[in-house]
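J.: One file: start13.txt (compact mmCIF, C-alpha atoms).
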```txt
# COMPACT_ATOMS: atom_id res chain seq x y z
CA SER A 791 0.00 0.00 0.00
CA ARG A 792 1.03 3.62 -0.34
CA GLU A 793 1.28 3.91 3.46
CA ALA A 794 3.55 0.84 3.59
CA GLU A 795 5.83 2.42 0.97
CA ARG A 796 6.44 5.52 3.06
CA PRO A 797 10.00 5.74 4.45
CA ARG A 798 10.20 3.95 7.79
CA THR A 799 11.58 6.96 9.60
CA ALA A 800 10.72 7.56 13.24
CA MET A 801 8.41 10.40 12.24
CA ALA A 802 6.62 8.40 9.52
CA MET A 803 6.18 5.37 11.77
CA ALA A 804 5.19 7.35 14.82
CA TRP A 805 2.13 8.97 13.32
CA ARG A 806 0.28 5.73 12.72
CA ALA A 807 -2.08 6.93 15.48
CA ALA A 808 -3.42 9.87 13.46
CA PRO A 809 -4.60 7.92 10.40
CA ARG A 810 -5.98 5.27 12.76
CA ALA A 811 -8.16 7.83 14.52
CA ALA A 812 -9.48 9.18 11.23
CA ARG A 813 -10.20 5.67 9.94
CA LEU A 814 -12.15 4.88 13.11
CA LEU A 815 -14.27 7.97 12.55
CA LEU A 816 -14.93 6.93 8.96
CA LEU A 817 -15.99 3.42 10.02
CA GLY A 818 -18.91 4.90 11.91
CA ARG A 819 -20.59 2.70 14.48
CA ARG A 820 -17.93 0.02 14.25
CA GLY A 821 -15.43 2.48 15.72
CA ILE A 822 -17.55 5.12 17.46
CA ALA A 823 -19.98 4.74 20.31
CA SER A 824 -23.37 5.91 19.07
CA CYS A 825 -23.60 8.52 21.84
CA ILE A 826 -20.79 10.56 20.24
CA ASP A 827 -21.47 9.67 16.60
CA PRO A 828 -21.26 12.99 14.69
CA SER A 829 -23.71 11.76 12.05
CA VAL A 830 -26.63 11.45 14.48
CA GLY A 831 -29.50 13.76 13.54
CA LEU A 832 -28.17 14.63 10.09
CA THR A 833 -30.06 14.38 6.82
CA GLU A 834 -28.96 11.81 4.25
CA ASP A 835 -27.31 14.56 2.18
CA GLN A 836 -25.42 15.82 5.22
CA LYS A 837 -24.27 12.31 6.06
CA GLU A 838 -22.92 12.05 2.53
CA PHE A 839 -21.03 15.36 2.80
CA GLN A 840 -19.66 14.19 6.12
CA LYS A 841 -18.55 10.81 4.77
CA VAL A 842 -16.78 12.43 1.82
CA ALA A 843 -14.98 14.85 4.18
CA LEU A 844 -14.04 12.11 6.66
CA ASP A 845 -12.75 9.94 3.84
CA PHE A 846 -10.64 12.82 2.52
CA ALA A 847 -9.36 13.56 6.04
CA ALA A 848 -8.38 9.92 6.60
CA LYS A 849 -6.70 9.35 3.24
CA GLU A 850 -5.23 12.71 2.26
CA MET A 851 -4.69 14.66 5.47
CA ALA A 852 -4.11 12.44 8.52
CA PRO A 853 -1.18 10.48 7.02
CA ASN A 854 0.59 13.79 6.29
CA MET A 855 -0.35 16.03 9.21
CA ALA A 856 2.82 15.28 11.19
CA GLU A 857 5.08 16.04 8.25
CA TRP A 858 3.20 19.24 7.44
CA ASP A 859 3.62 20.29 11.08
CA GLU A 860 7.27 19.28 11.40
CA LYS A 861 8.43 20.80 8.10
CA GLU A 862 5.93 23.70 8.12
CA ILE A 863 4.51 22.71 4.73
CA PHE A 864 1.57 24.65 3.31
CA PRO A 865 -0.22 21.74 1.55
CA VAL A 866 -1.46 23.60 -1.51
CA GLU A 867 -2.02 20.55 -3.72
CA THR A 868 -3.96 18.69 -1.01
CA MET A 869 -6.23 21.69 -0.52
CA ARG A 870 -6.80 21.88 -4.27
CA LYS A 871 -7.91 18.24 -4.14
CA ALA A 872 -10.33 19.26 -1.39
CA ALA A 873 -11.59 22.07 -3.61
CA GLN A 874 -12.42 19.51 -6.30
CA LEU A 875 -14.87 18.05 -3.77
CA GLY A 876 -16.47 21.47 -3.33
CA PHE A 877 -14.64 22.51 -0.16
CA GLY A 878 -13.06 25.70 -1.54
CA GLY A 879 -16.26 27.75 -1.47
CA ILE A 880 -18.65 25.71 0.61
CA TYR A 881 -21.21 28.44 1.34
CA VAL A 882 -20.57 30.50 -1.79
CA LYS A 883 -23.22 30.70 -4.52
CA PRO A 884 -22.93 28.11 -7.32
CA ASP A 885 -22.94 30.65 -10.17
CA VAL A 886 -19.34 31.63 -9.31
CA GLY A 887 -18.11 28.13 -8.51
CA GLY A 888 -19.31 27.68 -4.93
CA SER A 889 -21.12 24.70 -3.47
CA GLY A 890 -24.09 26.74 -2.20
CA LEU A 891 -24.36 24.74 1.04
CA SER A 892 -25.75 25.91 4.37
CA ARG A 893 -23.84 27.05 7.45
CA LEU A 894 -24.76 23.77 9.16
CA ASP A 895 -23.46 21.77 6.19
CA THR A 896 -20.25 23.80 6.40
CA SER A 897 -19.85 23.10 10.11
CA ILE A 898 -20.28 19.37 9.52
CA ILE A 899 -17.64 19.42 6.76
CA PHE A 900 -15.05 21.40 8.73
CA GLU A 901 -15.54 19.18 11.79
CA ALA A 902 -14.91 16.11 9.64
CA LEU A 903 -11.86 17.55 7.84
CA SER A 904 -10.34 18.67 11.13
CA THR A 905 -10.04 15.05 12.30
CA GLY A 906 -7.34 14.69 9.63
CA CYS A 907 -5.43 17.96 10.13
CA THR A 908 -6.85 20.76 12.26
CA SER A 909 -4.31 23.36 11.16
CA THR A 910 -4.96 22.88 7.45
CA THR A 911 -8.73 22.80 7.94
CA ALA A 912 -8.59 26.00 9.97
CA TYR A 913 -6.83 27.78 7.11
CA MET A 914 -9.45 26.42 4.69
CA SER A 915 -12.14 27.88 6.95
CA ILE A 916 -10.52 31.32 6.76
CA HIS A 917 -10.21 31.02 2.98
CA ASN A 918 -13.91 30.10 2.75
CA MET A 919 -14.82 33.13 4.89
CA CYS A 920 -12.91 35.44 2.53
CA VAL A 921 -14.57 34.03 -0.59
CA TRP A 922 -17.99 34.37 1.08
CA MET A 923 -17.27 38.05 1.81
CA ILE A 924 -16.48 38.73 -1.84
CA ASP A 925 -19.49 36.70 -3.00
CA THR A 926 -21.86 38.41 -0.55
CA PHE A 927 -20.69 42.02 -0.60
CA GLY A 928 -18.98 42.28 -3.98
CA ASN A 929 -20.64 43.48 -7.16
CA GLU A 930 -21.10 41.14 -10.12
CA GLU A 931 -17.80 42.10 -11.71
CA GLN A 932 -15.92 41.46 -8.46
CA ARG A 933 -17.70 38.16 -7.81
CA ARG A 934 -16.86 36.84 -11.27
CA ARG A 935 -13.31 38.15 -11.18
CA PHE A 936 -12.30 36.69 -7.82
CA CYS A 937 -14.61 33.86 -6.74
CA PRO A 938 -14.14 31.14 -9.39
CA SER A 939 -10.35 30.87 -8.93
CA LEU A 940 -10.75 31.02 -5.14
CA CYS A 941 -13.47 28.35 -5.05
CA SER A 942 -11.21 26.03 -7.07
CA MET A 943 -8.30 27.01 -4.83
CA GLU A 944 -6.28 27.86 -7.90
CA LYS A 945 -5.77 30.96 -5.78
CA PHE A 946 -5.85 31.31 -1.99
CA ALA A 947 -7.15 34.12 0.22
CA SER A 948 -6.19 35.74 3.52
CA TYR A 949 -8.27 37.86 5.91
CA CYS A 950 -6.56 41.04 7.12
CA LEU A 951 -8.17 42.67 10.15
CA THR A 952 -5.80 42.41 13.14
CA GLU A 953 -3.03 44.99 13.52
CA PRO A 954 -0.04 45.19 15.86
CA GLY A 955 -1.93 47.74 17.97
CA SER A 956 -5.52 46.56 17.49
CA GLY A 957 -6.51 42.99 18.18
CA SER A 958 -9.70 42.65 20.16
CA ASP A 959 -10.41 46.37 19.65
CA ALA A 960 -10.77 46.00 15.88
CA ALA A 961 -12.66 49.30 15.50
CA SER A 962 -9.48 51.19 16.43
CA LEU A 963 -7.47 49.91 13.46
CA LEU A 964 -5.07 52.44 11.92
CA THR A 965 -4.24 51.14 8.43
CA SER A 966 -5.31 54.04 6.23
CA ALA A 967 -6.58 54.23 2.65
CA GLN A 968 -6.51 57.74 1.19
CA ARG A 969 -8.68 58.23 -1.90
CA LYS A 970 -6.87 59.71 -4.89
CA GLY A 971 -9.05 59.77 -7.97
CA ASP A 972 -9.88 56.21 -8.97
CA THR A 973 -7.46 54.67 -6.48
CA TYR A 974 -6.78 54.33 -2.77
CA VAL A 975 -3.27 54.71 -1.36
CA LEU A 976 -2.90 52.23 1.46
CA ASN A 977 -0.45 52.57 4.38
CA GLY A 978 -0.12 50.50 7.53
CA SER A 979 0.29 46.87 8.50
CA LYS A 980 -1.64 43.80 9.58
CA ALA A 981 -0.42 41.17 12.05
CA PHE A 982 -0.86 37.41 12.47
CA ILE A 983 -2.24 36.91 8.95
CA SER A 984 -2.86 33.26 8.10
CA GLY A 985 -1.42 32.45 4.70
CA GLY A 986 0.31 35.83 4.54
CA GLY A 987 2.93 35.90 1.81
CA ASP A 988 1.88 32.58 0.29
CA THR A 989 -1.66 33.51 -0.65
CA ASP A 990 -2.89 35.47 -3.65
CA VAL A 991 -5.85 37.58 -2.46
CA TYR A 992 -6.06 39.76 0.68
CA VAL A 993 -9.37 41.00 2.08
CA VAL A 994 -8.22 44.10 3.97
CA MET A 995 -10.06 46.26 6.50
CA CYS A 996 -8.74 49.81 6.42
CA ARG A 997 -9.66 53.32 7.50
CA THR A 998 -11.10 55.55 4.78
CA GLY A 999 -12.93 57.88 7.16
CA GLY A 1000 -12.89 59.14 10.74
CA PRO A 1001 -12.32 57.23 13.98
CA GLY A 1002 -14.46 54.28 15.00
CA PRO A 1003 -16.23 51.54 13.07
CA LYS A 1004 -18.03 53.86 10.62
CA GLY A 1005 -14.71 55.00 9.16
CA ILE A 1006 -13.66 51.49 8.06
CA SER A 1007 -13.90 50.13 4.51
CA CYS A 1008 -12.98 46.83 2.88
CA LEU A 1009 -10.54 46.47 -0.03
CA VAL A 1010 -9.48 43.37 -1.94
CA LEU A 1011 -5.77 43.33 -2.77
CA GLU A 1012 -3.85 40.98 -5.03
CA LYS A 1013 -0.34 39.71 -4.46
CA GLY A 1014 2.15 41.59 -6.58
CA MET A 1015 0.55 45.01 -6.18
CA PRO A 1016 3.31 47.63 -5.75
CA GLY A 1017 3.69 48.58 -2.09
CA LEU A 1018 2.39 45.25 -0.75
CA SER A 1019 5.00 43.27 1.19
CA PHE A 1020 5.27 40.74 3.99
CA GLY A 1021 7.12 40.24 7.26
CA LYS A 1022 9.10 37.20 8.32
CA LYS A 1023 7.36 33.87 8.72
CA GLU A 1024 6.31 33.53 12.35
CA LYS A 1025 7.37 30.53 14.46
CA LYS A 1026 4.25 29.19 16.18
CA VAL A 1027 3.27 26.62 18.80
CA GLY A 1028 0.77 25.05 16.39
CA TRP A 1029 -0.95 25.80 13.09
CA ASN A 1030 2.35 25.01 11.39
CA SER A 1031 0.83 23.78 8.12
CA GLN A 1032 -0.16 27.36 7.35
CA PRO A 1033 2.30 30.28 7.21
CA THR A 1034 1.66 33.37 9.33
CA ARG A 1035 3.21 36.74 8.50
CA ALA A 1036 2.65 40.45 8.87
CA VAL A 1037 1.16 42.08 5.78
CA ILE A 1038 2.65 45.53 5.10
CA PHE A 1039 1.29 48.38 2.96
CA GLU A 1040 3.65 51.18 1.90
CA ASP A 1041 1.93 53.60 -0.49
CA CYS A 1042 0.15 50.60 -1.94
CA VAL A 1043 -2.12 51.71 -4.78
CA VAL A 1044 -5.46 49.87 -4.97
CA PRO A 1045 -8.19 50.57 -7.55
CA VAL A 1046 -11.46 51.89 -6.16
CA GLY A 1047 -13.03 49.03 -8.11
CA ASN A 1048 -11.49 46.65 -5.57
CA ARG A 1049 -13.60 48.03 -2.71
CA LEU A 1050 -16.29 45.69 -1.38
CA GLY A 1051 -19.51 47.54 -0.63
CA ALA A 1052 -19.67 51.24 0.13
CA GLU A 1053 -17.16 53.34 2.05
CA GLY A 1054 -17.76 52.90 5.76
CA GLN A 1055 -19.29 49.42 5.36
CA GLY A 1056 -16.07 47.56 6.13
CA PHE A 1057 -16.60 47.01 9.83
CA ASN A 1058 -20.04 45.54 9.21
CA ILE A 1059 -18.56 43.23 6.56
CA ALA A 1060 -15.82 42.19 8.96
CA MET A 1061 -18.23 41.40 11.79
CA GLN A 1062 -20.61 39.45 9.56
CA GLY A 1063 -17.69 37.44 8.28
CA LEU A 1064 -16.52 36.75 11.81
CA ASN A 1065 -19.91 35.40 12.87
CA GLY A 1066 -19.42 32.61 10.35
CA GLY A 1067 -15.73 32.40 11.14
CA ARG A 1068 -16.55 31.70 14.77
CA ILE A 1069 -18.79 28.80 13.78
CA ASN A 1070 -16.08 27.52 11.43
CA ILE A 1071 -13.27 27.61 13.98
CA ALA A 1072 -15.51 26.05 16.65
CA SER A 1073 -16.24 23.27 14.15
CA CYS A 1074 -12.52 22.71 13.65
CA SER A 1075 -12.20 22.38 17.42
CA LEU A 1076 -14.95 19.75 17.43
CA GLY A 1077 -13.03 17.62 14.93
CA ALA A 1078 -9.82 17.78 16.94
CA ALA A 1079 -11.68 16.92 20.14
CA HIS A 1080 -13.52 14.02 18.54
CA ALA A 1081 -10.30 12.56 17.17
CA SER A 1082 -8.69 12.99 20.61
CA VAL A 1083 -11.54 11.14 22.34
CA ILE A 1084 -11.07 8.25 19.89
CA LEU A 1085 -7.31 8.24 20.51
CA ALA A 1086 -7.85 8.27 24.29
CA GLN A 1087 -10.44 5.50 24.06
CA GLU A 1088 -8.02 3.34 22.10
CA HIS A 1089 -5.06 4.10 24.39
CA LEU A 1090 -7.01 3.23 27.55
CA SER A 1091 -7.97 -0.08 25.99
CA VAL A 1092 -4.44 -1.18 25.08
CA ARG A 1093 -2.24 0.42 27.76
CA LYS A 1094 -1.76 -1.62 30.94
CA GLN A 1095 -0.68 -0.39 34.36
CA PHE A 1096 -0.74 -2.26 37.67
CA GLY A 1097 -1.55 -5.44 35.82
CA GLU A 1098 -4.70 -4.35 34.01
CA PRO A 1099 -5.83 -2.04 31.18
CA LEU A 1100 -6.23 1.60 32.01
CA ALA A 1101 -9.81 1.25 30.76
CA ASN A 1102 -10.61 -0.62 34.00
CA ASN A 1103 -9.67 2.41 36.11
CA GLN A 1104 -12.89 4.06 37.27
CA TYR A 1105 -11.33 7.53 37.55
CA LEU A 1106 -10.26 7.39 33.90
CA GLN A 1107 -13.66 6.00 32.92
CA PHE A 1108 -15.30 9.03 34.56
CA ARG A 1109 -12.92 11.45 32.82
CA LEU A 1110 -13.60 9.80 29.44
CA ALA A 1111 -17.33 10.09 30.09
CA GLU A 1112 -16.93 13.79 30.89
CA MET A 1113 -14.93 14.33 27.71
CA ALA A 1114 -17.61 12.65 25.61
CA THR A 1115 -20.38 14.65 27.29
CA ARG A 1116 -18.61 17.96 26.76
CA LEU A 1117 -17.94 17.05 23.12
CA VAL A 1118 -21.59 16.33 22.39
CA ALA A 1119 -22.73 19.46 24.25
CA ALA A 1120 -20.31 21.60 22.25
CA ARG A 1121 -21.38 20.02 18.97
CA LEU A 1122 -25.07 20.68 19.69
CA MET A 1123 -24.28 24.29 20.56
CA VAL A 1124 -22.26 24.86 17.39
CA ARG A 1125 -24.91 23.32 15.15
CA ASN A 1126 -27.64 25.36 16.81
CA ALA A 1127 -25.69 28.56 16.18
CA ALA A 1128 -25.03 27.51 12.57
CA ARG A 1129 -28.77 27.12 11.99
CA ALA A 1130 -29.45 30.51 13.58
CA LEU A 1131 -26.87 32.18 11.34
CA GLN A 1132 -28.24 30.48 8.24
CA ASP A 1133 -31.75 31.67 9.14
CA SER A 1134 -30.52 35.24 9.86
CA ARG A 1135 -32.06 35.12 13.31
CA GLU A 1136 -31.81 38.20 15.50
CA ASP A 1137 -29.85 36.30 18.14
CA ALA A 1138 -27.45 34.68 15.64
CA ALA A 1139 -24.39 36.82 16.49
CA VAL A 1140 -24.71 36.11 20.21
CA LEU A 1141 -25.28 32.39 19.63
CA CYS A 1142 -22.18 32.31 17.40
CA SER A 1143 -20.20 33.95 20.20
CA MET A 1144 -21.57 31.50 22.76
CA ALA A 1145 -20.75 28.54 20.53
CA LYS A 1146 -17.24 29.77 19.82
CA LEU A 1147 -16.58 30.42 23.50
CA PHE A 1148 -17.96 27.11 24.73
CA ALA A 1149 -16.67 24.84 21.97
CA THR A 1150 -13.11 26.16 21.81
CA ASP A 1151 -12.72 26.13 25.61
CA GLU A 1152 -14.27 22.70 26.06
CA CYS A 1153 -12.57 21.09 23.07
CA PHE A 1154 -9.15 22.32 24.17
CA GLY A 1155 -9.86 20.79 27.58
CA ILE A 1156 -10.87 17.51 25.92
CA CYS A 1157 -7.69 17.33 23.84
CA ASN A 1158 -5.55 18.26 26.83
CA GLN A 1159 -7.21 15.58 28.96
CA ALA A 1160 -6.64 13.04 26.18
CA LEU A 1161 -2.95 13.95 26.24
CA GLN A 1162 -2.91 13.48 30.02
CA MET A 1163 -4.45 10.02 29.62
CA HIS A 1164 -1.56 9.07 27.35
CA GLY A 1165 0.88 9.86 30.19
CA GLY A 1166 4.43 10.54 29.04
CA TYR A 1167 3.64 9.19 25.59
CA GLY A 1168 1.18 12.02 25.04
CA TYR A 1169 4.02 14.52 25.33
CA LEU A 1170 5.97 12.88 22.52
CA LYS A 1171 5.60 14.02 18.94
CA ASP A 1172 5.31 10.34 18.08
CA TYR A 1173 1.68 10.55 19.19
CA ALA A 1174 -1.01 12.52 17.37
CA VAL A 1175 -2.78 13.81 20.46
CA GLN A 1176 -0.13 16.44 21.23
CA GLN A 1177 -0.57 18.02 17.80
CA PHE A 1178 -4.30 18.36 18.29
CA VAL A 1179 -3.57 20.12 21.60
CA ARG A 1180 -1.10 22.52 19.97
CA ASP A 1181 -3.25 23.20 16.94
CA ILE A 1182 -6.47 24.11 18.75
CA ARG A 1183 -4.99 26.21 21.55
CA VAL A 1184 -5.06 29.28 19.31
CA HIS A 1185 -8.79 28.80 18.63
CA GLN A 1186 -9.46 30.41 22.02
CA ILE A 1187 -7.68 33.54 20.77
CA LEU A 1188 -8.51 34.11 17.10
CA GLU A 1189 -11.81 35.11 15.46
CA GLY A 1190 -12.32 37.23 18.59
CA THR A 1191 -10.77 36.13 21.87
CA ASN A 1192 -12.95 34.17 24.25
CA GLU A 1193 -12.83 37.12 26.62
CA VAL A 1194 -14.46 39.23 23.88
CA MET A 1195 -17.03 36.46 23.34
CA ARG A 1196 -17.98 36.81 27.01
CA MET A 1197 -18.34 40.58 26.56
CA ILE A 1198 -20.67 40.10 23.56
CA VAL A 1199 -22.87 37.65 25.44
CA ALA A 1200 -22.99 39.78 28.58
CA ARG A 1201 -23.80 42.93 26.61
CA SER A 1202 -26.69 41.15 24.92
CA LEU A 1203 -28.07 39.97 28.26
CA LEU A 1204 -27.74 43.32 30.01
CA GLN A 1205 -29.11 45.36 27.14
CA GLY A 1206 -31.95 42.92 26.49
```
Starting from the file, give its structure as structure tokens.

T.:
Amino acid sequence: SREAERPRTAMAMAWRAAPRAARLLLLGRRGIASCIDPSVGLTEDQKEFQKVALDFAAKEMAPNMAEWDEKEIFPVETMRKAAQLGFGGIYVKPDVGGSGLSRLDTSIIFEALSTGCTSTTAYMSIHNMCVWMIDTFGNEEQRRRFCPSLCSMEKFASYCLTEPGSGSDAASLLTSAQRKGDTYVLNGSKAFISGGGDTDVYVVMCRTGGPGPKGISCLVLEKGMPGLSFGKKEKKVGWNSQPTRAVIFEDCVVPVGNRLGAEGQGFNIAMQGLNGGRINIASCSLGAAHASVILAQEHLSVRKQFGEPLANNQYLQFRLAEMATRLVAARLMVRNAARALQDSREDAAVLCSMAKLFATDECFGICNQALQMHGGYGYLKDYAVQQFVRDIRVHQILEGTNEVMRMIVARSLLQG
């Protein structure tokens, strides 16, 4: 088999656990207790999307996730294969190459893909958010110019909101775009940009007016524009299959025709994008947590201490039960928020914040507990569980920190 032909290096041999976990997920009830089966409650179409994504995760992503992490490889060709399955523009309209699926369908797909490589799936979720912004807020010319090549992942996109001096306080961003005739002259910088330097399209939030959110507009930049440059590649704890760099604008000239929506609409575009982004990143956390539960379940069954399998230890049984319960609770919360967002419900933004807060916190705890159950082995890079821990830690920070999620929920309660 192809797997058997891989070089028998320590790294290649060691990661047998990751493909195993993904295969168990694909096998359904033969490998997963029905109480945590992610296909429960789904329509037949959704089960099919899920199976396709799990199959892709098991065959194309899980066998490579360690190498992508170790060598910091941005797996462009693998993502293009995923795009052939419709995963490059999942909730983008079909007339420009998208799959036209719902937010719930999207959540199901990202959860499944994340069992194979959370870092790569998380980048794909950001790319999908960018294409959706262009599809939703762009005019017909912009949609047809940018979306087809992004949906096929011939080209890749990055989302540029965060700045060195404005993270959680996004409305205070300083990157400026001065209008000069039919162009904007852009100056400033963005920080922590996923894909930065390796991607082709940059959806940039910048200040075209006065202070505050009403002075922010959204421009779409293309790699190669004069004045657009990038910082050094950041060294990160996780998310190593996607590059992260600063994006720098020095008298960067952008046509007015590259503006999405009207001047002053940028902050609204950014926040609407982030509502979906929060569902997407929470879904990626679900996939990592589910894979970690499977890995822990398997380890407890085969590892012996004090003359018997760890699975016979009641304390560990209770912890495994808690992990499974928190996983299912988080999944239900994420899918509920996805439905609310799809239906444009009034409470959708708050439910997205709740889901992001709860799922990313709980799923990190699940992965961390799975590592603990592996004992010293869990701390070795020979075992997949440590990579899931490293890759989802940042989910509690990006797409709005979980502290900001608490502020959004509290504000809604107190103002309601």

J.: May I ask for the distance between atom CA of A:Met995 and atom CA of A:Ser1075, given in Å to one decimal place?

T.: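 Spanning atom CA of A:Met995 to atom CA of A:Ser1075 is a straight-line distance of 26.3 Å.
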
J.: May I ask for the distance between atom CA of A:Gly978 and atom CA of A:Glu930, given in Å to one decimal place?

T.: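 Atom CA of A:Glu930 lies at a distance of 29.0 Å from atom CA of A:Gly978.
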
J.: Please measure the separation of atom CA of A:Lys1022 and atom CA of A:Ala1174, giving the value in Å to one decimal.

T.: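 Those two atoms sit 28.2 Å apart.
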
J.: When you count all atoms listed in the file, which of these residues is closest to A:Val994: A:Phe1154, A:Tyr949, A:Phe864, A:Phe936?

T.: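 When distances to A:Val994 are compared using all atoms listed in the file, the smallest one comes from A:Tyr949.
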
J.: Have a look at A:Ile1156, A:Ile1006, A:Ala852, A:Ala823 and name the one nearest to A:Ala1052; count only C-alpha atoms.

T.: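 Answer, going by the shortest atom-to-atom distance: A:Ile1006.
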
J.: Can you pull out the residues contacting stretch 951-968 of chain A? Cut-off 6 Å, using all atoms listed in the file, and skip same-chain residues under 5 positions away; I want them as a short mmCIF file (atom, residue, chain, number, x, y, z; two decimals) with C-alpha atoms, in the coordinates of the input.

T.:
```cif
data_model
loop_
_atom_site.label_atom_id
_atom_site.label_comp_id
_atom_site.auth_asym_id
_atom_site.auth_seq_id
_atom_site.Cartn_x
_atom_site.Cartn_y
_atom_site.Cartn_z
CA TYR A 974 -6.78 54.33 -2.77
CA VAL A 975 -3.27 54.71 -1.36
CA LEU A 976 -2.90 52.23 1.46
CA ASN A 977 -0.45 52.57 4.38
CA GLY A 978 -0.12 50.50 7.53
CA LYS A 980 -1.64 43.80 9.58
CA ALA A 981 -0.42 41.17 12.05
CA MET A 995 -10.06 46.26 6.50
CA CYS A 996 -8.74 49.81 6.42
CA ARG A 997 -9.66 53.32 7.50
CA THR A 998 -11.10 55.55 4.78
CA GLY A 1002 -14.46 54.28 15.00
CA PRO A 1003 -16.23 51.54 13.07
#
```

J.: Skipping near chain neighbours, those fewer than 3 positions away, what residues fall within 8 Å of A:Ile898 using all atoms listed in the file, listed as a PyMOL selection string?

T.: chain A and resi 836+839-840+894-895+901-902+1073

J.: Which residue out of A:Val1179, A:Val1184, A:Val1140, A:Leu1011 has the minimum interatomic distance to A:Ala1200 when only C-alpha atoms are used?

T.: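 That would be A:Val1140, the residue with the smallest distance to A:Ala1200.
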
J.: With distances taken over all atoms listed in the file, which of A:Phe846, A:Tyr992, A:Trp1029, A:Phe1178 is nearest to A:Glu862?

T.: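 Answer, going by the shortest atom-to-atom distance: A:Trp1029.
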
J.: Tell me which protein, DNA and RNA residues are within 12 Å of A:Val866, counting only C-alpha atoms, leaving out same-chain ones fewer than 6 positions away, and put them as a ChimeraX atom specification.

T.: /A:851,858,872-873,878,910-911,913-914,942-946,985,988-989,1031-1033

J.: As a PyMOL selection string, please: the residues near A:Arg1116 (cut-off 9 Å, only C-alpha atoms, same-chain neighbours under 4 positions excluded).

T.: chain A and resi 1111-1112+1120-1121+1149+1152-1153+1156

J.: When distances are computed from only C-alpha atoms, which of A:Ser1143, A:Gln874, A:Asn1103, A:Ser984 shows the smallest separation from A:Leu940?

T.: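 Counting only C-alpha atoms, the residue closest to A:Leu940 is A:Gln874.
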
J.: Please tell me which residues are no farther than 12 Å from (-18.8, 35.3, 29.1) in the file, counting all atoms listed in the file, and write them as a ChimeraX atom specification.

T.: /A:1140-1141,1143-1148,1151,1191-1203

J.: Excluding same-chain residues fewer than 3 positions from A:Leu1161, what lies within 10 Å of it counting only C-alpha atoms, as an MDAnalysis selection string?

T.: chainID A and resid 1082:1083 1085:1086 1155:1158 1164:1170 1173:1179
